[in-house]
Amino acid sequence: MTSSSYVEAAITSRMSVRAFTDEPVDKSLIEQILQVASRAPSGTNCQPWRVYVLQGVSKASLVEQVCATHDAIRANPALAAEYVEEYDYYPQKWVSPYIDRRRENGWGLYGLLGIGKADKDKMHAQHQRNFRFFDAPVGLMFTVDRVMGRGSLVDYGAFLQNIMVAARGHGLHTCPQAAWNGFSKIILPHIGAGPDEMLVCGMSLGYADPSALVNTFHTPRVPARDFTTWLD
């Protein structure tokens with residue numbers, strides 16, 4: 001296999017894994033992945049990323065706090081106003097074709113797991129799997145200085161993709177998670193982030209559980225011809 005084929009295999013085999021084994025990941029391997037990922041391009045080479053790695057007690061404690069808050073919001077929806085994202089990850093108003101793809105993804109996943117539209121308890125439990133890092137042994141939190149512009153979020157996308165592709169090169173899997181963003185008031189103090197930092201997203205990292213039904217779910221992709229305009 002050529003080097004280009006290895007790269008393509010890492011990219012195309014990347015998926016959002018939602019069930020991990022408890023097999024630990026060596027600190028040296030995590031460091032290597034992050035170092036490789038740091039080669040991502042950024043405007044004027046400002047490298048706006050900051051990474052917090054949670055394992056063991058620090059991860060378990062955060063999981064407990066956020067899951068408890070998630071349960072509390074379900075019991076009292078008015079509490080949701082206290083936990084909001086610092087930036088709009090999703091649009092305020094969904095339109096086609098994006099809403100159609102979102103629904104295809106959501107109901108495809110829930111359908112596989114046997115969760116119907118009326119199964120509110122099961123929906124809540126599945127959503128809360130995000131806040132357990134899907135049982136991955138490593139949780140990552142990413143922040144950016146608030147002073148930075150929106151272009152830094154573009155830079156961040158390249159950095160995050162590098163992490164996920166580099167992880168695949170070592171047989172690991174990931175799940176990037178914007179679900180954490182609403183709980184930044186819990187997360188930022190927990191990880192020791194400064195007052196000038198904003199949460200960008202979280203990520204689960206570890207070895208995929210091959211026996212988990214949820215990991216058989218693969219999202220479709222629009223063919224390149226549908227989003228490409230050729231100009232001669």
# chains A, B, ... in the order shown; residues from 1 in each chain; ligands from 1
call {"tool": "residues_around", "arguments": {"residues": "Tyr87 (chain A)", "least_positions_apart": "3", "cutoff": "9 Å", "atoms": "only C-alpha atoms", "output": "VMD selection string"}}
result
chain A and resid 84 90 181 198 200
call {"tool": "select_by_dssp", "arguments": {"residues": "region 106-226 of chain A", "states": "alpha helix (DSSP H)", "output": "ChimeraX atom specification"}}
result
/A:106-112,120-128,151-169,184-191,224-226
call {"tool": "select_by_dssp", "arguments": {"residues": "region 26-207 of chain A", "states": "strand (DSSP E)", "output": "list in words"}}
result
Arg50, Val51, Tyr52, Val53, Leu54, Val138, Gly139, Leu140, Met141, Phe142, Thr143, Val144, Asp145, His173, Thr174, Cys175, Pro176, Gln177, Glu197, Met198, Leu199, Val200, Cys201, Gly202, Met203, Ser204, Leu205 and Gly206 of chain A
call {"tool": "closest_residue", "arguments": {"among": "A:Glu85, A:Asp22, A:Asp196, A:Glu104", "to": "Trp180 (chain A)", "atoms": "only C-alpha atoms"}}
result
A:Glu85
call {"tool": "residues_around", "arguments": {"residues": "region 140-145 of chain A", "least_positions_apart": "5", "cutoff": "6 Å", "atoms": "only C-alpha atoms", "output": "list in words"}}
result
Pro48, Trp49, Arg50, Val51, Tyr52, Val53, Asp196, Glu197, Met198, Leu199, Val200, Cys201, Gly202 and Met203 of chain A
call {"tool": "write_last_selection", "arguments": {"atoms": "N, CA and C atoms", "output": "PDB file, in the first residue's frame"}}
result
ATOM      1  N   PRO A  48      -4.061  28.459  17.435  1.00  0.00           N
ATOM      2  CA  PRO A  48      -4.921  28.909  18.524  1.00  0.00           C
ATOM      3  C   PRO A  48      -5.419  27.826  19.480  1.00  0.00           C
ATOM      4  N   TRP A  49      -4.990  26.592  19.302  1.00  0.00           N
ATOM      5  CA  TRP A  49      -5.559  25.493  20.084  1.00  0.00           C
ATOM      6  C   TRP A  49      -4.923  25.335  21.462  1.00  0.00           C
ATOM      7  N   ARG A  50      -5.772  24.945  22.410  1.00  0.00           N
ATOM      8  CA  ARG A  50      -5.338  24.513  23.738  1.00  0.00           C
ATOM      9  C   ARG A  50      -6.083  23.223  24.045  1.00  0.00           C
ATOM     10  N   VAL A  51      -5.363  22.239  24.556  1.00  0.00           N
ATOM     11  CA  VAL A  51      -5.928  20.908  24.745  1.00  0.00           C
ATOM     12  C   VAL A  51      -5.811  20.481  26.208  1.00  0.00           C
ATOM     13  N   TYR A  52      -6.882  19.918  26.745  1.00  0.00           N
ATOM     14  CA  TYR A  52      -6.900  19.361  28.093  1.00  0.00           C
ATOM     15  C   TYR A  52      -7.244  17.885  27.986  1.00  0.00           C
ATOM     16  N   VAL A  53      -6.392  17.038  28.536  1.00  0.00           N
ATOM     17  CA  VAL A  53      -6.568  15.588  28.463  1.00  0.00           C
ATOM     18  C   VAL A  53      -7.074  15.075  29.807  1.00  0.00           C
ATOM     19  N   ASP A 196     -10.129  33.726  30.111  1.00  0.00           N
ATOM     20  CA  ASP A 196     -10.125  34.210  28.734  1.00  0.00           C
ATOM     21  C   ASP A 196     -10.287  33.088  27.719  1.00  0.00           C
ATOM     22  N   GLU A 197     -10.556  31.870  28.192  1.00  0.00           N
ATOM     23  CA  GLU A 197     -10.701  30.730  27.296  1.00  0.00           C
ATOM     24  C   GLU A 197     -12.170  30.397  27.050  1.00  0.00           C
ATOM     25  N   MET A 198     -12.468  29.971  25.829  1.00  0.00           N
ATOM     26  CA  MET A 198     -13.798  29.532  25.437  1.00  0.00           C
ATOM     27  C   MET A 198     -13.737  28.074  25.013  1.00  0.00           C
ATOM     28  N   LEU A 199     -14.720  27.290  25.436  1.00  0.00           N
ATOM     29  CA  LEU A 199     -14.776  25.885  25.043  1.00  0.00           C
ATOM     30  C   LEU A 199     -15.153  25.764  23.576  1.00  0.00           C
ATOM     31  N   VAL A 200     -14.375  25.020  22.816  1.00  0.00           N
ATOM     32  CA  VAL A 200     -14.659  24.789  21.397  1.00  0.00           C
ATOM     33  C   VAL A 200     -15.463  23.504  21.216  1.00  0.00           C
ATOM     34  N   CYS A 201     -15.019  22.425  21.852  1.00  0.00           N
ATOM     35  CA  CYS A 201     -15.738  21.153  21.813  1.00  0.00           C
ATOM     36  C   CYS A 201     -14.992  20.150  22.669  1.00  0.00           C
ATOM     37  N   GLY A 202     -15.558  18.963  22.788  1.00  0.00           N
ATOM     38  CA  GLY A 202     -14.882  17.860  23.449  1.00  0.00           C
ATOM     39  C   GLY A 202     -14.636  16.751  22.446  1.00  0.00           C
ATOM     40  N   MET A 203     -13.947  15.707  22.883  1.00  0.00           N
ATOM     41  CA  MET A 203     -13.698  14.556  22.013  1.00  0.00           C
ATOM     42  C   MET A 203     -13.411  13.325  22.861  1.00  0.00           C
TER      43      MET A 203
END
call {"tool": "residues_around", "arguments": {"residues": "region 1-7 of chain A", "least_positions_apart": "4", "cutoff": "9 Å", "atoms": "only C-alpha atoms", "output": "list of chain:residue names"}}
result
A:Ile11, A:Thr12, A:Val165, A:Gly169
call {"tool": "residues_around", "arguments": {"residues": "region 60-64 of chain A", "least_positions_apart": "5", "cutoff": "8 Å", "atoms": "only C-alpha atoms", "output": "PDB file with C-alpha atoms, in the first residue's frame"}}
result
ATOM      1  CA  GLN A  55      -8.288  10.394  32.296  1.00  0.00           C
ATOM      2  CA  PHE A 131     -21.321  13.042  28.713  1.00  0.00           C
ATOM      3  CA  ARG A 132     -19.779   9.715  29.631  1.00  0.00           C
ATOM      4  CA  PHE A 133     -17.354  10.006  26.717  1.00  0.00           C
ATOM      5  CA  ILE A 187     -16.060  22.173  32.337  1.00  0.00           C
ATOM      6  CA  HIS A 190     -12.865  21.715  36.222  1.00  0.00           C
TER       7      HIS A 190
END
call {"tool": "closest_atom_pairs", "arguments": {"of": "region 149-173 of chain A", "to": "region 32-40 of chain A", "cutoff": "9 Å", "atoms": "only C-alpha atoms", "output": "CSV"}}
result
residue,atom,partner,partner_atom,distance
A:Asp155,CA,A:Ala40,CA,7.5
A:Tyr156,CA,A:Ala40,CA,8.4
A:Ala158,CA,A:Ala40,CA,5.7
A:Phe159,CA,A:Ala40,CA,5.1
A:Leu160,CA,A:Ala37,CA,7.5
A:Gln161,CA,A:Ala37,CA,8.0
A:Asn162,CA,A:Ala37,CA,4.7
A:Ile163,CA,A:Ala37,CA,5.2
A:Met164,CA,A:Ala37,CA,8.6
A:Val165,CA,A:Ala37,CA,8.7
A:Ala166,CA,A:Ile33,CA,5.8
A:Ala167,CA,A:Ile33,CA,6.4
A:His170,CA,A:Ile33,CA,8.8
call {"tool": "write_last_selection", "arguments": {"atoms": "C-alpha atoms", "output": "PDB file, in the first residue's frame"}}
result
ATOM      1  CA  ASP A 155      -8.055  26.601  11.992  1.00  0.00           C
ATOM      2  CA  TYR A 156      -9.390  24.454  14.798  1.00  0.00           C
ATOM      3  CA  ALA A 158      -8.031  21.367  10.611  1.00  0.00           C
ATOM      4  CA  PHE A 159      -6.392  20.623  13.956  1.00  0.00           C
ATOM      5  CA  LEU A 160      -9.239  18.396  15.125  1.00  0.00           C
ATOM      6  CA  GLN A 161      -9.271  16.488  11.840  1.00  0.00           C
ATOM      7  CA  ASN A 162      -5.538  15.908  12.170  1.00  0.00           C
ATOM      8  CA  ILE A 163      -6.075  14.412  15.624  1.00  0.00           C
ATOM      9  CA  MET A 164      -8.780  12.080  14.365  1.00  0.00           C
ATOM     10  CA  VAL A 165      -6.815  10.929  11.316  1.00  0.00           C
ATOM     11  CA  ALA A 166      -3.590  10.494  13.288  1.00  0.00           C
ATOM     12  CA  ALA A 167      -5.505   8.462  15.863  1.00  0.00           C
ATOM     13  CA  HIS A 170      -2.561   4.039  15.438  1.00  0.00           C
TER      14      HIS A 170
END
call {"tool": "residues_around", "arguments": {"residues": "Tyr207 (chain A)", "least_positions_apart": "2", "cutoff": "7 Å", "atoms": "only C-alpha atoms", "output": "PyMOL selection string"}}
result
chain A and resi 20-21+23+172-173+209
call {"tool": "residues_around", "arguments": {"residues": "region 114-117 of chain A", "least_positions_apart": "5", "cutoff": "12 Å", "atoms": "only C-alpha atoms", "output": "ChimeraX atom specification"}}
result
/A:103,106-109,122-127,213-214
call {"tool": "atom_distance", "arguments": {"atom1": "CA of Gly171 (chain A)", "atom2": "CA of Val222 (chain A)"}}
result
26.2 Å
call {"tool": "closest_residue", "arguments": {"among": "A:Val138, A:Val95, A:Leu79, A:Val25", "to": "Gly56 (chain A)", "atoms": "only C-alpha atoms"}}
result
A:Val138
call {"tool": "atom_distance", "arguments": {"atom1": "CA of Ser152 (chain A)", "atom2": "CA of Gly43 (chain A)"}}
result
7.4 Å
call {"tool": "closest_residue", "arguments": {"among": "A:His218, A:Arg225, A:Ala212, A:Asp121", "to": "Asn105 (chain A)", "atoms": "only C-alpha atoms"}}
result
A:His218
call {"tool": "decode", "arguments": {"residues": "region 105-228 of chain A", "atoms": "C-alpha atoms", "output": "PDB file, in the first residue's frame"}}
result
ATOM      1  CA  ASN A 105     -28.563  10.949  10.840  1.00  0.00           C
ATOM      2  CA  GLY A 106     -30.590  11.204  14.036  1.00  0.00           C
ATOM      3  CA  TRP A 107     -33.369   8.813  13.174  1.00  0.00           C
ATOM      4  CA  GLY A 108     -30.984   6.429  11.462  1.00  0.00           C
ATOM      5  CA  LEU A 109     -28.965   6.117  14.663  1.00  0.00           C
ATOM      6  CA  TYR A 110     -31.973   5.938  16.961  1.00  0.00           C
ATOM      7  CA  GLY A 111     -33.717   3.501  14.642  1.00  0.00           C
ATOM      8  CA  LEU A 112     -30.726   1.167  14.782  1.00  0.00           C
ATOM      9  CA  LEU A 113     -30.860   1.294  18.586  1.00  0.00           C
ATOM     10  CA  GLY A 114     -34.616   0.733  18.661  1.00  0.00           C
ATOM     11  CA  ILE A 115     -35.374   4.174  20.078  1.00  0.00           C
ATOM     12  CA  GLY A 116     -38.658   5.594  18.822  1.00  0.00           C
ATOM     13  CA  LYS A 117     -39.864   9.188  18.817  1.00  0.00           C
ATOM     14  CA  ALA A 118     -41.915   8.582  21.960  1.00  0.00           C
ATOM     15  CA  ASP A 119     -39.076   6.910  23.891  1.00  0.00           C
ATOM     16  CA  LYS A 120     -38.047   9.973  25.873  1.00  0.00           C
ATOM     17  CA  ASP A 121     -36.239   8.004  28.589  1.00  0.00           C
ATOM     18  CA  LYS A 122     -34.164   6.096  26.045  1.00  0.00           C
ATOM     19  CA  MET A 123     -33.416   9.296  24.124  1.00  0.00           C
ATOM     20  CA  HIS A 124     -32.199  10.987  27.275  1.00  0.00           C
ATOM     21  CA  ALA A 125     -30.015   8.014  28.190  1.00  0.00           C
ATOM     22  CA  GLN A 126     -28.503   7.813  24.711  1.00  0.00           C
ATOM     23  CA  HIS A 127     -27.832  11.553  24.628  1.00  0.00           C
ATOM     24  CA  GLN A 128     -26.171  11.277  28.024  1.00  0.00           C
ATOM     25  CA  ARG A 129     -23.726   8.767  26.570  1.00  0.00           C
ATOM     26  CA  ASN A 130     -21.996  11.868  25.177  1.00  0.00           C
ATOM     27  CA  PHE A 131     -21.321  13.042  28.713  1.00  0.00           C
ATOM     28  CA  ARG A 132     -19.779   9.715  29.631  1.00  0.00           C
ATOM     29  CA  PHE A 133     -17.354  10.006  26.717  1.00  0.00           C
ATOM     30  CA  PHE A 134     -19.048   6.834  25.409  1.00  0.00           C
ATOM     31  CA  ASP A 135     -16.931   4.980  28.019  1.00  0.00           C
ATOM     32  CA  ALA A 136     -13.678   5.956  26.265  1.00  0.00           C
ATOM     33  CA  PRO A 137     -10.625   5.980  28.560  1.00  0.00           C
ATOM     34  CA  VAL A 138      -9.569   9.423  27.322  1.00  0.00           C
ATOM     35  CA  GLY A 139     -11.583  12.609  27.130  1.00  0.00           C
ATOM     36  CA  LEU A 140     -10.226  15.699  25.383  1.00  0.00           C
ATOM     37  CA  MET A 141     -11.409  19.269  25.837  1.00  0.00           C
ATOM     38  CA  PHE A 142     -10.430  22.017  23.414  1.00  0.00           C
ATOM     39  CA  THR A 143     -10.437  25.724  24.139  1.00  0.00           C
ATOM     40  CA  VAL A 144      -9.517  28.918  22.337  1.00  0.00           C
ATOM     41  CA  ASP A 145      -8.737  32.399  23.621  1.00  0.00           C
ATOM     42  CA  ARG A 146     -11.847  34.558  23.432  1.00  0.00           C
ATOM     43  CA  VAL A 147      -9.824  37.350  21.841  1.00  0.00           C
ATOM     44  CA  MET A 148      -9.391  35.286  18.670  1.00  0.00           C
ATOM     45  CA  GLY A 149     -11.626  35.774  15.622  1.00  0.00           C
ATOM     46  CA  ARG A 150     -13.944  33.316  13.913  1.00  0.00           C
ATOM     47  CA  GLY A 151     -11.139  32.294  11.584  1.00  0.00           C
ATOM     48  CA  SER A 152      -9.548  30.462  14.503  1.00  0.00           C
ATOM     49  CA  LEU A 153     -12.494  28.077  14.498  1.00  0.00           C
ATOM     50  CA  VAL A 154     -11.635  27.269  10.876  1.00  0.00           C
ATOM     51  CA  ASP A 155      -8.055  26.601  11.992  1.00  0.00           C
ATOM     52  CA  TYR A 156      -9.390  24.454  14.798  1.00  0.00           C
ATOM     53  CA  GLY A 157     -11.282  22.263  12.350  1.00  0.00           C
ATOM     54  CA  ALA A 158      -8.031  21.367  10.611  1.00  0.00           C
ATOM     55  CA  PHE A 159      -6.392  20.623  13.956  1.00  0.00           C
ATOM     56  CA  LEU A 160      -9.239  18.396  15.125  1.00  0.00           C
ATOM     57  CA  GLN A 161      -9.271  16.488  11.840  1.00  0.00           C
ATOM     58  CA  ASN A 162      -5.538  15.908  12.170  1.00  0.00           C
ATOM     59  CA  ILE A 163      -6.075  14.412  15.624  1.00  0.00           C
ATOM     60  CA  MET A 164      -8.780  12.080  14.365  1.00  0.00           C
ATOM     61  CA  VAL A 165      -6.815  10.929  11.316  1.00  0.00           C
ATOM     62  CA  ALA A 166      -3.590  10.494  13.288  1.00  0.00           C
ATOM     63  CA  ALA A 167      -5.505   8.462  15.863  1.00  0.00           C
ATOM     64  CA  ARG A 168      -6.767   6.145  13.117  1.00  0.00           C
ATOM     65  CA  GLY A 169      -3.182   5.625  12.032  1.00  0.00           C
ATOM     66  CA  HIS A 170      -2.561   4.039  15.438  1.00  0.00           C
ATOM     67  CA  GLY A 171      -5.702   1.916  15.464  1.00  0.00           C
ATOM     68  CA  LEU A 172      -7.610   4.319  17.690  1.00  0.00           C
ATOM     69  CA  HIS A 173     -11.006   5.880  17.171  1.00  0.00           C
ATOM     70  CA  THR A 174     -12.583   9.151  18.220  1.00  0.00           C
ATOM     71  CA  CYS A 175     -15.864  10.990  18.521  1.00  0.00           C
ATOM     72  CA  PRO A 176     -15.815  14.796  18.240  1.00  0.00           C
ATOM     73  CA  GLN A 177     -18.544  16.222  20.478  1.00  0.00           C
ATOM     74  CA  ALA A 178     -20.171  19.636  20.417  1.00  0.00           C
ATOM     75  CA  ALA A 179     -22.662  18.271  22.950  1.00  0.00           C
ATOM     76  CA  TRP A 180     -20.355  19.387  25.764  1.00  0.00           C
ATOM     77  CA  ASN A 181     -20.445  23.050  24.746  1.00  0.00           C
ATOM     78  CA  GLY A 182     -23.505  23.971  26.755  1.00  0.00           C
ATOM     79  CA  PHE A 183     -21.806  22.861  29.961  1.00  0.00           C
ATOM     80  CA  SER A 184     -18.748  25.091  29.702  1.00  0.00           C
ATOM     81  CA  LYS A 185     -19.491  26.741  33.072  1.00  0.00           C
ATOM     82  CA  ILE A 186     -18.835  23.327  34.645  1.00  0.00           C
ATOM     83  CA  ILE A 187     -16.060  22.173  32.337  1.00  0.00           C
ATOM     84  CA  LEU A 188     -13.781  25.218  32.208  1.00  0.00           C
ATOM     85  CA  PRO A 189     -13.218  25.491  35.997  1.00  0.00           C
ATOM     86  CA  HIS A 190     -12.865  21.715  36.222  1.00  0.00           C
ATOM     87  CA  ILE A 191     -10.029  21.568  33.706  1.00  0.00           C
ATOM     88  CA  GLY A 192      -8.347  24.697  35.036  1.00  0.00           C
ATOM     89  CA  ALA A 193      -8.980  26.837  31.972  1.00  0.00           C
ATOM     90  CA  GLY A 194      -8.429  30.558  32.379  1.00  0.00           C
ATOM     91  CA  PRO A 195     -11.165  33.211  32.263  1.00  0.00           C
ATOM     92  CA  ASP A 196     -10.125  34.210  28.734  1.00  0.00           C
ATOM     93  CA  GLU A 197     -10.701  30.730  27.296  1.00  0.00           C
ATOM     94  CA  MET A 198     -13.798  29.532  25.437  1.00  0.00           C
ATOM     95  CA  LEU A 199     -14.776  25.885  25.043  1.00  0.00           C
ATOM     96  CA  VAL A 200     -14.659  24.789  21.397  1.00  0.00           C
ATOM     97  CA  CYS A 201     -15.738  21.153  21.813  1.00  0.00           C
ATOM     98  CA  GLY A 202     -14.882  17.860  23.449  1.00  0.00           C
ATOM     99  CA  MET A 203     -13.698  14.556  22.013  1.00  0.00           C
ATOM    100  CA  SER A 204     -13.679  10.912  23.065  1.00  0.00           C
ATOM    101  CA  LEU A 205     -10.526   8.915  22.290  1.00  0.00           C
ATOM    102  CA  GLY A 206      -9.833   5.216  22.659  1.00  0.00           C
ATOM    103  CA  TYR A 207     -10.284   1.797  21.087  1.00  0.00           C
ATOM    104  CA  ALA A 208     -13.661   1.079  19.512  1.00  0.00           C
ATOM    105  CA  ASP A 209     -15.782  -1.740  20.903  1.00  0.00           C
ATOM    106  CA  PRO A 210     -16.270  -3.980  17.847  1.00  0.00           C
ATOM    107  CA  SER A 211     -19.180  -5.818  19.483  1.00  0.00           C
ATOM    108  CA  ALA A 212     -21.304  -2.687  20.041  1.00  0.00           C
ATOM    109  CA  LEU A 213     -24.327  -2.390  17.763  1.00  0.00           C
ATOM    110  CA  VAL A 214     -24.052   1.403  17.730  1.00  0.00           C
ATOM    111  CA  ASN A 215     -20.656   1.173  16.032  1.00  0.00           C
ATOM    112  CA  THR A 216     -22.219  -0.427  12.974  1.00  0.00           C
ATOM    113  CA  PHE A 217     -23.875   2.909  12.194  1.00  0.00           C
ATOM    114  CA  HIS A 218     -22.170   4.704   9.315  1.00  0.00           C
ATOM    115  CA  THR A 219     -23.394   8.037   8.012  1.00  0.00           C
ATOM    116  CA  PRO A 220     -23.719   8.604   4.256  1.00  0.00           C
ATOM    117  CA  ARG A 221     -21.837  11.313   2.399  1.00  0.00           C
ATOM    118  CA  VAL A 222     -22.990  13.501  -0.468  1.00  0.00           C
ATOM    119  CA  PRO A 223     -21.012  12.690  -3.653  1.00  0.00           C
ATOM    120  CA  ALA A 224     -18.415  15.279  -4.624  1.00  0.00           C
ATOM    121  CA  ARG A 225     -20.253  16.066  -7.855  1.00  0.00           C
ATOM    122  CA  ASP A 226     -23.176  17.405  -5.800  1.00  0.00           C
ATOM    123  CA  PHE A 227     -21.156  20.048  -3.941  1.00  0.00           C
ATOM    124  CA  THR A 228     -18.556  20.906  -6.587  1.00  0.00           C
TER     125      THR A 228
END
